[in-house]
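Participant: Structure file work16.txt, compact mmCIF, C-alpha atoms and all ligand atoms, is pasted below:
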# COMPACT_ATOMS: atom_id res chain seq x y z
CA MET H 1 6.71 0.42 -31.94
CA GLU H 2 3.90 2.94 -31.93
CA ILE H 3 4.77 6.57 -31.26
CA ARG H 4 1.92 8.76 -30.06
CA ILE H 5 2.05 12.29 -31.44
CA ASP H 6 0.61 15.25 -29.57
CA ARG H 7 1.23 18.32 -31.73
CA THR H 8 1.60 21.78 -30.29
CA SER H 9 -1.42 24.00 -30.83
CA SER H 10 0.70 27.14 -31.17
CA SER H 11 4.10 26.87 -32.84
CA ARG H 12 6.79 29.20 -31.51
CA LEU H 13 8.46 29.28 -34.93
CA PRO H 14 7.17 32.74 -35.98
CA GLN H 15 8.88 34.31 -32.95
CA VAL H 16 12.35 32.95 -33.77
CA ASP H 17 14.99 35.37 -35.01
CA PHE H 18 16.92 33.08 -37.35
CA ALA H 19 19.48 35.81 -38.04
CA ASN H 20 20.61 35.81 -34.40
CA LEU H 21 20.40 32.22 -33.24
CA GLY H 22 23.63 31.76 -31.32
CA PHE H 23 23.90 28.34 -29.73
CA GLY H 24 21.44 26.37 -27.66
CA SER H 25 19.00 28.94 -26.33
CA VAL H 26 16.06 28.41 -28.69
CA PHE H 27 14.24 25.07 -28.70
CA ALA H 28 12.07 23.56 -31.42
CA ASP H 29 8.37 22.90 -30.85
CA HIS H 30 8.46 19.21 -29.93
CA MET H 31 10.36 16.56 -28.02
CA PHE H 32 10.42 12.79 -28.15
CA VAL H 33 10.07 10.96 -24.84
CA ALA H 34 10.31 7.23 -24.11
CA ASP H 35 10.38 5.35 -20.81
CA CYS H 36 11.96 2.06 -19.89
CA LEU H 37 11.36 -0.13 -16.86
CA GLU H 38 13.47 -3.25 -16.34
CA GLY H 39 14.25 -3.42 -20.05
CA GLN H 40 10.67 -2.87 -21.26
CA TRP H 41 10.11 0.27 -23.33
CA TYR H 42 6.73 1.95 -23.14
CA ASP H 43 4.82 5.17 -23.74
CA LEU H 44 6.79 6.41 -26.75
CA ARG H 45 5.48 9.88 -27.51
CA ILE H 46 6.21 13.14 -29.28
CA VAL H 47 4.83 16.03 -27.26
CA PRO H 48 5.22 19.82 -27.16
CA PHE H 49 8.64 20.83 -25.81
CA GLY H 50 8.18 21.76 -22.19
CA GLU H 51 9.01 21.28 -18.57
CA LEU H 52 9.39 17.91 -16.90
CA SER H 53 7.97 17.00 -13.57
CA MET H 54 10.22 14.84 -11.45
CA SER H 55 10.75 13.67 -7.90
CA PRO H 56 13.62 15.13 -5.85
CA GLY H 57 14.51 11.45 -5.36
CA LEU H 58 15.28 11.09 -9.08
CA SER H 59 18.23 8.74 -9.23
CA ALA H 60 20.09 10.64 -11.99
CA LEU H 61 20.32 13.74 -9.83
CA HIS H 62 22.03 11.86 -7.02
CA TYR H 63 24.17 9.15 -8.56
CA GLY H 64 24.95 10.61 -11.98
CA GLN H 65 23.55 7.99 -14.33
CA THR H 66 22.93 10.58 -17.01
CA ILE H 67 24.34 10.65 -20.52
CA PHE H 68 23.70 12.56 -23.69
CA GLU H 69 24.58 13.04 -27.33
CA GLY H 70 24.94 15.98 -29.66
CA MET H 71 24.16 15.55 -33.33
CA LYS H 72 22.93 17.67 -36.20
CA ALA H 73 20.32 17.83 -38.95
CA TYR H 74 21.01 19.88 -42.08
CA ARG H 75 18.94 21.34 -44.88
CA THR H 76 20.22 20.61 -48.39
CA PRO H 77 19.88 23.19 -51.17
CA GLU H 78 17.24 20.87 -52.65
CA GLY H 79 15.22 21.16 -49.43
CA GLU H 80 15.85 17.69 -48.02
CA ILE H 81 16.64 17.26 -44.33
CA THR H 82 19.61 15.05 -43.48
CA ILE H 83 20.96 13.70 -40.20
CA PHE H 84 24.69 13.12 -39.93
CA ARG H 85 25.97 9.75 -38.66
CA LEU H 86 22.81 8.87 -36.79
CA SER H 87 23.70 5.25 -36.06
CA ASP H 88 27.21 6.20 -34.89
CA HIS H 89 25.73 8.60 -32.36
CA LEU H 90 23.44 5.86 -31.08
CA ARG H 91 26.38 3.47 -30.85
CA ARG H 92 28.28 5.99 -28.76
CA LEU H 93 25.23 6.65 -26.58
CA ASN H 94 24.96 2.94 -25.90
CA ARG H 95 28.69 2.70 -25.12
CA SER H 96 28.14 5.47 -22.58
CA ALA H 97 25.09 3.60 -21.23
CA GLU H 98 27.05 0.38 -20.84
CA ARG H 99 29.85 2.06 -18.88
CA LEU H 100 27.37 3.69 -16.49
CA CYS H 101 25.42 0.46 -16.05
CA MET H 102 22.33 1.77 -17.85
CA GLN H 103 19.86 -0.16 -19.98
CA ALA H 104 20.81 -0.15 -23.69
CA ILE H 105 18.55 1.83 -26.03
CA PRO H 106 17.09 -0.24 -28.89
CA PRO H 107 17.93 1.21 -32.34
CA GLN H 108 14.29 1.23 -33.44
CA VAL H 109 13.23 3.35 -30.43
CA PHE H 110 16.01 5.87 -30.99
CA GLU H 111 15.94 6.05 -34.78
CA GLU H 112 12.17 6.14 -35.21
CA GLY H 113 11.72 8.67 -32.40
CA LEU H 114 14.45 10.90 -33.78
CA LYS H 115 13.36 10.75 -37.40
CA GLN H 116 9.71 11.39 -36.63
CA LEU H 117 10.68 14.28 -34.38
CA VAL H 118 12.89 15.90 -37.01
CA ARG H 119 10.23 15.40 -39.70
CA LEU H 120 7.63 17.07 -37.49
CA ASP H 121 9.96 20.00 -36.69
CA ALA H 122 11.53 20.17 -40.18
CA ASP H 123 10.71 23.87 -40.51
CA TRP H 124 13.03 24.49 -37.56
CA VAL H 125 16.12 23.40 -39.52
CA PRO H 126 17.70 26.77 -40.35
CA HIS H 127 18.70 27.77 -43.87
CA ASN H 128 21.78 29.47 -42.42
CA GLY H 129 22.86 26.84 -39.90
CA SER H 130 21.74 23.46 -38.61
CA LEU H 131 19.38 21.85 -36.13
CA TYR H 132 21.38 20.66 -33.13
CA ILE H 133 19.78 17.53 -31.72
CA ARG H 134 20.26 16.68 -28.07
CA PRO H 135 19.28 13.20 -26.89
CA ILE H 136 19.47 12.84 -23.10
CA TYR H 137 19.12 9.57 -21.23
CA PHE H 138 18.92 9.29 -17.48
CA ALA H 139 18.07 7.10 -14.52
CA SER H 140 14.51 7.77 -13.40
CA ASP H 141 14.11 5.64 -10.27
CA ASP H 142 12.62 7.52 -7.36
CA GLN H 143 14.71 5.75 -4.76
CA LEU H 144 17.65 6.78 -2.61
CA GLY H 145 20.66 4.52 -1.98
CA VAL H 146 23.47 4.05 -4.51
CA HIS H 147 22.24 1.59 -7.09
CA ALA H 148 21.89 1.11 -10.85
CA SER H 149 18.43 2.39 -11.67
CA LYS H 150 15.70 0.04 -12.85
CA SER H 151 13.92 2.75 -14.82
CA TYR H 152 15.22 5.17 -17.45
CA ARG H 153 13.93 7.97 -19.59
CA LEU H 154 15.10 8.99 -23.06
CA ILE H 155 14.29 12.49 -24.29
CA ILE H 156 15.29 13.91 -27.65
CA PHE H 157 14.87 17.60 -28.32
CA SER H 158 16.45 20.07 -30.69
CA SER H 159 17.68 23.60 -31.11
CA PRO H 160 18.31 25.60 -34.29
CA VAL H 161 21.91 26.87 -34.18
CA THR H 162 24.70 28.59 -35.99
CA THR H 163 28.32 28.08 -34.97
CA TYR H 164 29.38 27.30 -31.41
CA TYR H 165 32.53 29.42 -31.38
CA SER H 166 32.14 32.77 -33.08
CA THR H 167 35.80 33.62 -32.50
CA ASN H 168 39.09 31.76 -32.86
CA LEU H 169 40.23 29.50 -30.05
CA LEU H 170 42.42 31.10 -27.42
CA VAL H 171 43.76 28.03 -25.67
CA GLN H 172 44.97 27.68 -22.11
CA VAL H 173 46.74 24.39 -21.48
CA GLU H 174 45.51 23.16 -18.11
CA THR H 175 48.33 22.10 -15.79
CA ASN H 176 46.48 21.71 -12.51
CA HIS H 177 43.23 19.80 -12.96
CA VAL H 178 42.78 16.68 -15.09
CA ARG H 179 39.67 15.80 -17.06
CA ALA H 180 39.97 12.00 -17.10
CA THR H 181 42.02 9.08 -15.86
CA ASP H 182 42.82 5.60 -17.15
CA GLY H 183 40.04 3.20 -16.29
CA GLY H 184 37.64 6.08 -15.69
CA ILE H 185 34.86 7.58 -17.77
CA GLY H 186 36.67 10.07 -20.03
CA TYR H 187 35.23 8.40 -23.14
CA VAL H 188 31.66 8.64 -21.83
CA LYS H 189 29.43 11.54 -22.78
CA THR H 190 28.19 12.10 -19.26
CA ALA H 191 27.43 15.19 -17.21
CA GLY H 192 30.22 14.56 -14.69
CA ASN H 193 32.94 14.98 -17.31
CA TYR H 194 31.64 18.45 -18.09
CA ALA H 195 31.11 19.37 -14.44
CA ARG H 196 34.73 18.59 -13.65
CA SER H 197 35.93 20.77 -16.52
CA LEU H 198 34.06 23.89 -15.47
CA SER H 199 36.32 25.46 -12.88
CA ALA H 200 39.40 25.28 -15.14
CA SER H 201 37.33 26.73 -17.99
CA GLN H 202 36.11 29.54 -15.79
CA ARG H 203 39.65 30.33 -14.66
CA ALA H 204 40.85 30.31 -18.27
CA ARG H 205 38.06 32.68 -19.27
CA ALA H 206 38.94 35.07 -16.46
CA GLU H 207 42.47 35.14 -17.84
CA GLY H 208 41.37 35.98 -21.38
CA PHE H 209 41.15 32.52 -22.98
CA ASN H 210 38.08 30.78 -24.31
CA VAL H 211 39.00 27.11 -24.13
CA VAL H 212 41.02 24.66 -22.03
CA LEU H 213 43.29 22.00 -23.48
CA TRP H 214 43.56 18.93 -21.22
CA LEU H 215 46.71 16.90 -20.61
CA ASP H 216 47.01 13.27 -19.51
CA SER H 217 46.68 12.56 -15.79
CA ILE H 218 49.95 10.66 -15.33
CA ASN H 219 52.69 12.58 -17.14
CA ARG H 220 50.79 15.88 -17.40
CA GLN H 221 52.38 16.08 -20.84
CA PHE H 222 50.37 14.27 -23.50
CA ILE H 223 47.50 16.13 -25.12
CA GLU H 224 44.03 14.70 -24.62
CA GLU H 225 41.33 17.04 -25.92
CA TYR H 226 39.46 20.30 -25.36
CA SER H 227 36.45 20.37 -23.04
CA THR H 228 34.01 20.11 -25.97
CA MET H 229 36.21 19.15 -28.93
CA ASN H 230 38.93 16.81 -30.09
CA ALA H 231 42.31 18.29 -30.97
CA PHE H 232 44.20 18.32 -34.28
CA PHE H 233 47.63 19.84 -34.99
CA VAL H 234 49.30 20.10 -38.38
CA ILE H 235 53.04 19.72 -37.89
CA ASP H 236 55.40 19.31 -40.85
CA ASP H 237 52.34 18.90 -43.09
CA VAL H 238 51.02 15.93 -41.12
CA ALA H 239 47.69 16.23 -39.28
CA VAL H 240 48.18 14.68 -35.85
CA THR H 241 45.49 13.84 -33.31
CA PRO H 242 45.77 11.93 -30.02
CA PRO H 243 44.61 8.29 -30.01
CA THR H 244 41.31 7.35 -28.34
CA SER H 245 42.64 5.38 -25.42
CA GLY H 246 39.64 5.58 -23.10
CA THR H 247 40.29 8.99 -21.59
CA ILE H 248 38.95 11.13 -24.44
CA LEU H 249 35.58 11.27 -26.13
CA GLU H 250 35.66 9.38 -29.42
CA GLY H 251 34.47 12.30 -31.49
CA ILE H 252 32.39 11.51 -34.52
CA THR H 253 33.68 14.64 -36.23
CA ARG H 254 37.23 13.51 -35.37
CA ASP H 255 36.60 10.12 -36.96
CA SER H 256 35.02 11.76 -40.04
CA MET H 257 38.01 14.02 -40.47
CA ILE H 258 40.56 11.24 -40.18
CA ARG H 259 38.67 9.31 -42.86
CA LEU H 260 38.35 12.31 -45.16
CA LEU H 261 42.02 13.23 -44.82
CA SER H 262 43.39 9.76 -45.36
CA ASP H 263 41.06 9.11 -48.32
CA ASN H 264 42.01 12.37 -50.04
CA GLY H 265 45.78 12.27 -50.05
CA TYR H 266 46.45 14.16 -46.80
CA LYS H 267 48.82 12.78 -44.20
CA VAL H 268 47.07 12.05 -40.91
CA THR H 269 48.27 10.13 -37.84
CA GLN H 270 46.75 9.16 -34.52
CA ARG H 271 49.54 9.18 -31.99
CA GLU H 272 50.50 10.51 -28.60
CA ILE H 273 51.50 14.12 -28.88
CA ALA H 274 53.31 15.96 -26.10
CA ILE H 275 52.54 19.58 -25.34
CA ASP H 276 56.32 20.21 -25.41
CA GLU H 277 56.35 19.00 -29.03
CA VAL H 278 53.50 21.34 -29.99
CA MET H 279 55.20 24.32 -28.35
CA GLU H 280 58.52 23.50 -30.01
CA ALA H 281 56.80 23.12 -33.40
CA GLY H 282 55.11 26.46 -32.76
CA ARG H 283 58.38 28.17 -31.91
CA THR H 284 60.08 26.90 -35.06
CA GLY H 285 57.18 27.60 -37.44
CA ARG H 286 56.47 23.92 -38.10
CA LEU H 287 53.02 24.11 -36.49
CA THR H 288 50.99 25.50 -39.38
CA GLU H 289 47.43 24.68 -38.27
CA ALA H 290 45.69 23.72 -35.04
CA PHE H 291 41.97 23.25 -34.60
CA GLY H 292 39.32 21.65 -32.43
CA THR H 293 36.65 19.40 -33.93
CA GLY H 294 33.14 18.63 -32.76
CA THR H 295 29.53 18.47 -33.85
CA ALA H 296 28.75 21.91 -32.46
CA ALA H 297 32.07 23.58 -33.28
CA VAL H 298 32.68 21.70 -36.58
CA ALA H 299 36.35 22.78 -36.97
CA ALA H 300 37.37 25.74 -34.84
CA PRO H 301 40.80 27.25 -35.58
CA VAL H 302 43.28 28.01 -32.83
CA GLU H 303 44.82 31.47 -32.67
CA ARG H 304 46.83 31.24 -29.45
CA ILE H 305 48.20 28.47 -27.23
CA HIS H 306 49.33 29.37 -23.73
CA TYR H 307 51.44 26.94 -21.71
CA GLN H 308 53.68 27.56 -18.70
CA GLY H 309 53.99 31.27 -19.29
CA GLU H 310 54.72 30.98 -23.02
CA ASP H 311 52.46 31.80 -25.97
CA ILE H 312 52.36 30.42 -29.48
CA PHE H 313 50.39 32.46 -32.01
CA LEU H 314 49.09 30.99 -35.25
CA SER H 315 48.24 32.84 -38.45
CA THR H 316 44.61 33.92 -38.61
CA ASP H 317 44.51 33.85 -42.41
CA HIS H 318 42.61 30.58 -42.56
CA SER H 319 42.44 30.67 -46.35
CA LYS H 320 46.09 29.59 -46.05
CA TRP H 321 45.23 26.60 -43.85
CA PRO H 322 44.78 23.86 -46.47
CA VAL H 323 43.80 21.07 -44.07
CA LEU H 324 41.14 23.08 -42.23
CA SER H 325 39.76 24.52 -45.47
CA PHE H 326 39.51 21.11 -47.11
CA LEU H 327 37.80 19.53 -44.10
CA ARG H 328 35.25 22.26 -43.60
CA LYS H 329 34.20 22.25 -47.22
CA ARG H 330 34.15 18.51 -47.75
CA LEU H 331 32.25 17.81 -44.55
CA ASP H 332 29.70 20.49 -45.38
CA ASP H 333 29.32 19.17 -48.94
CA ILE H 334 28.69 15.64 -47.68
CA ARG H 335 26.20 16.73 -45.04
CA THR H 336 24.22 18.76 -47.53
CA ARG H 337 24.51 16.12 -50.29
CA GLN H 338 26.52 18.32 -52.65
CA VAL H 339 29.01 15.49 -53.19
CA ALA H 340 28.67 11.72 -52.97
CA ASP H 341 28.65 10.16 -49.51
CA PRO H 342 30.73 7.01 -49.94
CA TYR H 343 30.63 6.29 -46.22
CA GLY H 344 26.88 6.11 -45.68
CA TRP H 345 27.09 8.91 -43.12
CA VAL H 346 24.00 10.81 -44.20
CA SER H 347 20.38 9.76 -43.54
CA VAL H 348 17.61 11.65 -45.27
CA VAL H 349 14.58 11.88 -42.96
N1 LIG I 1 35.21 15.90 -26.81
C1 LIG I 1 34.25 16.31 -25.97
C2 LIG I 1 34.55 16.34 -24.52
C3 LIG I 1 33.00 16.71 -26.46
O1 LIG I 1 32.04 17.13 -25.63
C4 LIG I 1 32.77 16.67 -27.85
C5 LIG I 1 31.42 17.08 -28.40
N2 LIG I 1 30.53 16.02 -28.45
C6 LIG I 1 33.79 16.20 -28.69
C7 LIG I 1 35.00 15.84 -28.14
C8 LIG I 1 33.57 16.07 -30.16
O2 LIG I 1 32.71 14.97 -30.43
P1 LIG I 1 31.78 14.96 -31.72
O3 LIG I 1 32.66 15.21 -32.88
O4 LIG I 1 31.20 13.58 -31.75
O5 LIG I 1 30.77 16.01 -31.54
Write out the structure in this file as structure tokens.
Ligand code: PMP
Facilitator:
Amino acid sequence: MEIRIDRTSSSRLPQVDFANLGFGSVFADHMFVADCLEGQWYDLRIVPFGELSMSPGLSALHYGQTIFEGMKAYRTPEGEITIFRLSDHLRRLNRSAERLCMQAIPPQVFEEGLKQLVRLDADWVPHNGSLYIRPIYFASDDQLGVHASKSYRLIIFSSPVTTYYSTNLLVQVETNHVRATDGGIGYVKTAGNYARSLSASQRARAEGFNVVLWLDSINRQFIEEYSTMNAFFVIDDVAVTPPTSGTILEGITRDSMIRLLSDNGYKVTQREIAIDEVMEAGRTGRLTEAFGTGTAAVAAPVERIHYQGEDIFLSTDHSKWPVLSFLRKRLDDIRTRQVADPYGWVSVV
């Protein structure tokens, strides 16, 4: 498939302050765009990053057929650019598409578009961070009435970033709202899941926390995940994370960490974990590490967990958190090709 390339005539790169990137507010020069009508893909193009023009009748805005991904490109010390678990991100995007009744994206459209984009914007991959890549995919019919759209648009753009959380996680366990229900769309990376998390997050922030931990919708007891990360707890030297039962996002970082732990002699289990168990382990000193995992956050350590009026505080000396330390280093080494990648996770573009 031919991709037309329309390069920017004036790169914004010289204006970027790479020492103060933060997360998600600076965008690289180009974006990849592809359209699909009734299963036929056409007009694949890389164009300067910029505004879109769209009808107020755009189906995605009304009926929520809109999904996305979040992945990263890294710069190795040798100067190569790598993308982490590219095909797994596409697989998840297509699982999201299937659940929301959207046309599947062919691998060659996604992979070629993404690789050519990252090659073109390679200078945007920071030396002190990574290039966060955001594919979005949405229904583009201009037609009211609830229906599965006939036309779709895929856009991939990117943003040079450093870490998502610059401080430790101060966790409020949410006891009122729920993020997802059985048979619903909790495992889908779609806008609605984030929209429904916002008011609890805002309330938590007003009360001095920076992240919400979601519980299951039936018992209001079993831990699901954070709003943007999966959850790990180290209790009695075993890393525990909730199973992916359809209500949580199947995190690619989560999966990577389970593999790395089990292949390197650490104990790791996927099982239901009650908030009461975490609090009890915290009270008795058996909870030695807790962290959230995600592409943007990588592995963010928890400092405080607040549930029903009680607080658990964890040590902030992360050099004494063996599981977190191992995971951060090994994952970074694999992504930047400092150690072998036995899993085939890394693509060099
Ligand atoms: N859960 C949610 C709700 C998320 O938004 C994310 C970030 N994509 C994750 C978990 C972690 O997923 P991943 O490791 O694939 O980034």
Participant: Find the residue from H:Gln143, H:Gln202, H:Ser59, H:Thr190 that sits nearest to ligand LIG 1 (chain I); use only C-alpha atoms and all ligand atoms when measuring.
Facilitator: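 The answer is H:Thr190, which sits nearest to ligand LIG 1 (chain I).
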Participant: For ligand LIG 1 (chain I), which residue out of H:Lys329, H:His30, H:Arg205, H:Arg196 is the nearest one, using only C-alpha atoms and all ligand atoms?
Facilitator: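 Nearest candidate to ligand LIG 1 (chain I) out of H:Lys329, H:His30, H:Arg205, H:Arg196: H:Arg196.
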Participant: Could you check the closest approach to Pro77 of chain H for each of H:Ser10, H:Ile155, H:Asp332, H:Val146 and tell me which residue wins, using all atoms listed in the file?
Facilitator: H:Asp332
Participant: Got a sec: who's within 6 Å of Ile223 of chain H, counting only C-alpha atoms, leaving out chain neighbours fewer than 6 positions off, as a list in words?
Facilitator: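 Here the answer would be Leu215, Ile273 and Ala274 of chain H.
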Participant: Would you list the residues that come within 6 Å of ligand LIG 1 (chain I)? Count all atoms listed in the file and give the answer as number ranges by chain.
Facilitator: H: 70, 227-230, 249, 251-254, 293-295
Participant: Do you have the atom CA of His306 of chain H-atom CA of Leu261 of chain H distance handy?
Facilitator: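 So the two atoms, atom CA of His306 of chain H and atom CA of Leu261 of chain H, lie 27.5 Å apart.
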Participant: Pick from H:Val212, H:Ala104, H:Phe68, H:Asp123: nearest to Arg12 of chain H, with all atoms listed in the file counted?
Facilitator: H:Asp123
Participant: Enter the distance from atom CA of Leu154 of chain H to atom CA of Cys36 of chain H, in Å, rounded to one decimal.
Facilitator: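 Atom CA of Cys36 of chain H lies at a distance of 8.2 Å from atom CA of Leu154 of chain H.
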Participant: How many Å separate atom CA of Asp182 of chain H from atom CA of Ala148 of chain H?
Facilitator: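 Atom CA of Ala148 of chain H lies 22.3 Å from atom CA of Asp182 of chain H.
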Participant: Using only C-alpha atoms and a cutoff of 12 Å, can you tell me which residues are near (35.7, 29.2, -23.4) in the file's coordinates, and write them out as a PDB file with C-alpha atoms, in the coordinates of the input?
Facilitator:
ATOM      1  CA  TYR H 164      29.380  27.300 -31.410  1.00  0.00           C
ATOM      2  CA  TYR H 165      32.530  29.420 -31.380  1.00  0.00           C
ATOM      3  CA  SER H 166      32.140  32.770 -33.080  1.00  0.00           C
ATOM      4  CA  THR H 167      35.800  33.620 -32.500  1.00  0.00           C
ATOM      5  CA  ASN H 168      39.090  31.760 -32.860  1.00  0.00           C
ATOM      6  CA  LEU H 169      40.230  29.500 -30.050  1.00  0.00           C
ATOM      7  CA  LEU H 170      42.420  31.100 -27.420  1.00  0.00           C
ATOM      8  CA  VAL H 171      43.760  28.030 -25.670  1.00  0.00           C
ATOM      9  CA  GLN H 172      44.970  27.680 -22.110  1.00  0.00           C
ATOM     10  CA  SER H 197      35.930  20.770 -16.520  1.00  0.00           C
ATOM     11  CA  LEU H 198      34.060  23.890 -15.470  1.00  0.00           C
ATOM     12  CA  SER H 199      36.320  25.460 -12.880  1.00  0.00           C
ATOM     13  CA  ALA H 200      39.400  25.280 -15.140  1.00  0.00           C
ATOM     14  CA  SER H 201      37.330  26.730 -17.990  1.00  0.00           C
ATOM     15  CA  GLN H 202      36.110  29.540 -15.790  1.00  0.00           C
ATOM     16  CA  ARG H 203      39.650  30.330 -14.660  1.00  0.00           C
ATOM     17  CA  ALA H 204      40.850  30.310 -18.270  1.00  0.00           C
ATOM     18  CA  ARG H 205      38.060  32.680 -19.270  1.00  0.00           C
ATOM     19  CA  ALA H 206      38.940  35.070 -16.460  1.00  0.00           C
ATOM     20  CA  GLU H 207      42.470  35.140 -17.840  1.00  0.00           C
ATOM     21  CA  GLY H 208      41.370  35.980 -21.380  1.00  0.00           C
ATOM     22  CA  PHE H 209      41.150  32.520 -22.980  1.00  0.00           C
ATOM     23  CA  ASN H 210      38.080  30.780 -24.310  1.00  0.00           C
ATOM     24  CA  VAL H 211      39.000  27.110 -24.130  1.00  0.00           C
ATOM     25  CA  VAL H 212      41.020  24.660 -22.030  1.00  0.00           C
ATOM     26  CA  LEU H 213      43.290  22.000 -23.480  1.00  0.00           C
ATOM     27  CA  TYR H 226      39.460  20.300 -25.360  1.00  0.00           C
ATOM     28  CA  SER H 227      36.450  20.370 -23.040  1.00  0.00           C
ATOM     29  CA  THR H 228      34.010  20.110 -25.970  1.00  0.00           C
ATOM     30  CA  MET H 229      36.210  19.150 -28.930  1.00  0.00           C
ATOM     31  CA  ALA H 297      32.070  23.580 -33.280  1.00  0.00           C
TER      32      ALA H 297
END
Participant: Taking N, CA and C atoms as the atom set, what does segment 270-286 of chain H look like once completed, written as a short mmCIF file (atom, residue, chain, number, x, y, z; two decimals), in the coordinates of the input?
Facilitator:
data_model
loop_
_atom_site.label_atom_id
_atom_site.label_comp_id
_atom_site.auth_asym_id
_atom_site.auth_seq_id
_atom_site.Cartn_x
_atom_site.Cartn_y
_atom_site.Cartn_z
N GLN H 270 47.23 9.17 -35.90
CA GLN H 270 46.75 9.16 -34.52
C GLN H 270 47.91 8.68 -33.67
N ARG H 271 48.44 9.58 -32.87
CA ARG H 271 49.54 9.18 -31.99
C ARG H 271 49.60 10.11 -30.79
N GLU H 272 50.31 9.65 -29.78
CA GLU H 272 50.50 10.51 -28.60
C GLU H 272 51.27 11.75 -29.02
N ILE H 273 50.82 12.87 -28.52
CA ILE H 273 51.50 14.12 -28.88
C ILE H 273 51.70 14.95 -27.61
N ALA H 274 52.96 15.24 -27.33
CA ALA H 274 53.31 15.96 -26.10
C ALA H 274 53.10 17.45 -26.31
N ILE H 275 52.68 18.13 -25.25
CA ILE H 275 52.54 19.58 -25.34
C ILE H 275 53.89 20.24 -25.64
N ASP H 276 54.98 19.66 -25.11
CA ASP H 276 56.32 20.21 -25.41
C ASP H 276 56.59 20.18 -26.92
N GLU H 277 56.13 19.12 -27.57
CA GLU H 277 56.35 19.00 -29.03
C GLU H 277 55.56 20.07 -29.78
N VAL H 278 54.33 20.31 -29.33
CA VAL H 278 53.50 21.34 -29.99
C VAL H 278 54.15 22.72 -29.82
N MET H 279 54.60 23.01 -28.60
CA MET H 279 55.20 24.32 -28.35
C MET H 279 56.48 24.49 -29.18
N GLU H 280 57.27 23.44 -29.24
CA GLU H 280 58.52 23.50 -30.01
C GLU H 280 58.21 23.70 -31.50
N ALA H 281 57.19 22.97 -31.99
CA ALA H 281 56.80 23.12 -33.40
C ALA H 281 56.28 24.54 -33.65
N GLY H 282 55.60 25.09 -32.64
CA GLY H 282 55.11 26.46 -32.76
C GLY H 282 56.25 27.47 -32.81
N ARG H 283 57.23 27.26 -31.95
CA ARG H 283 58.38 28.17 -31.91
C ARG H 283 59.15 28.19 -33.22
N THR H 284 59.24 27.03 -33.87
CA THR H 284 60.08 26.90 -35.06
C THR H 284 59.29 27.03 -36.36
N GLY H 285 57.98 27.38 -36.23
CA GLY H 285 57.18 27.60 -37.44
C GLY H 285 56.72 26.33 -38.13
N ARG H 286 56.89 25.19 -37.46
CA ARG H 286 56.47 23.92 -38.10
C ARG H 286 55.02 23.57 -37.78
#
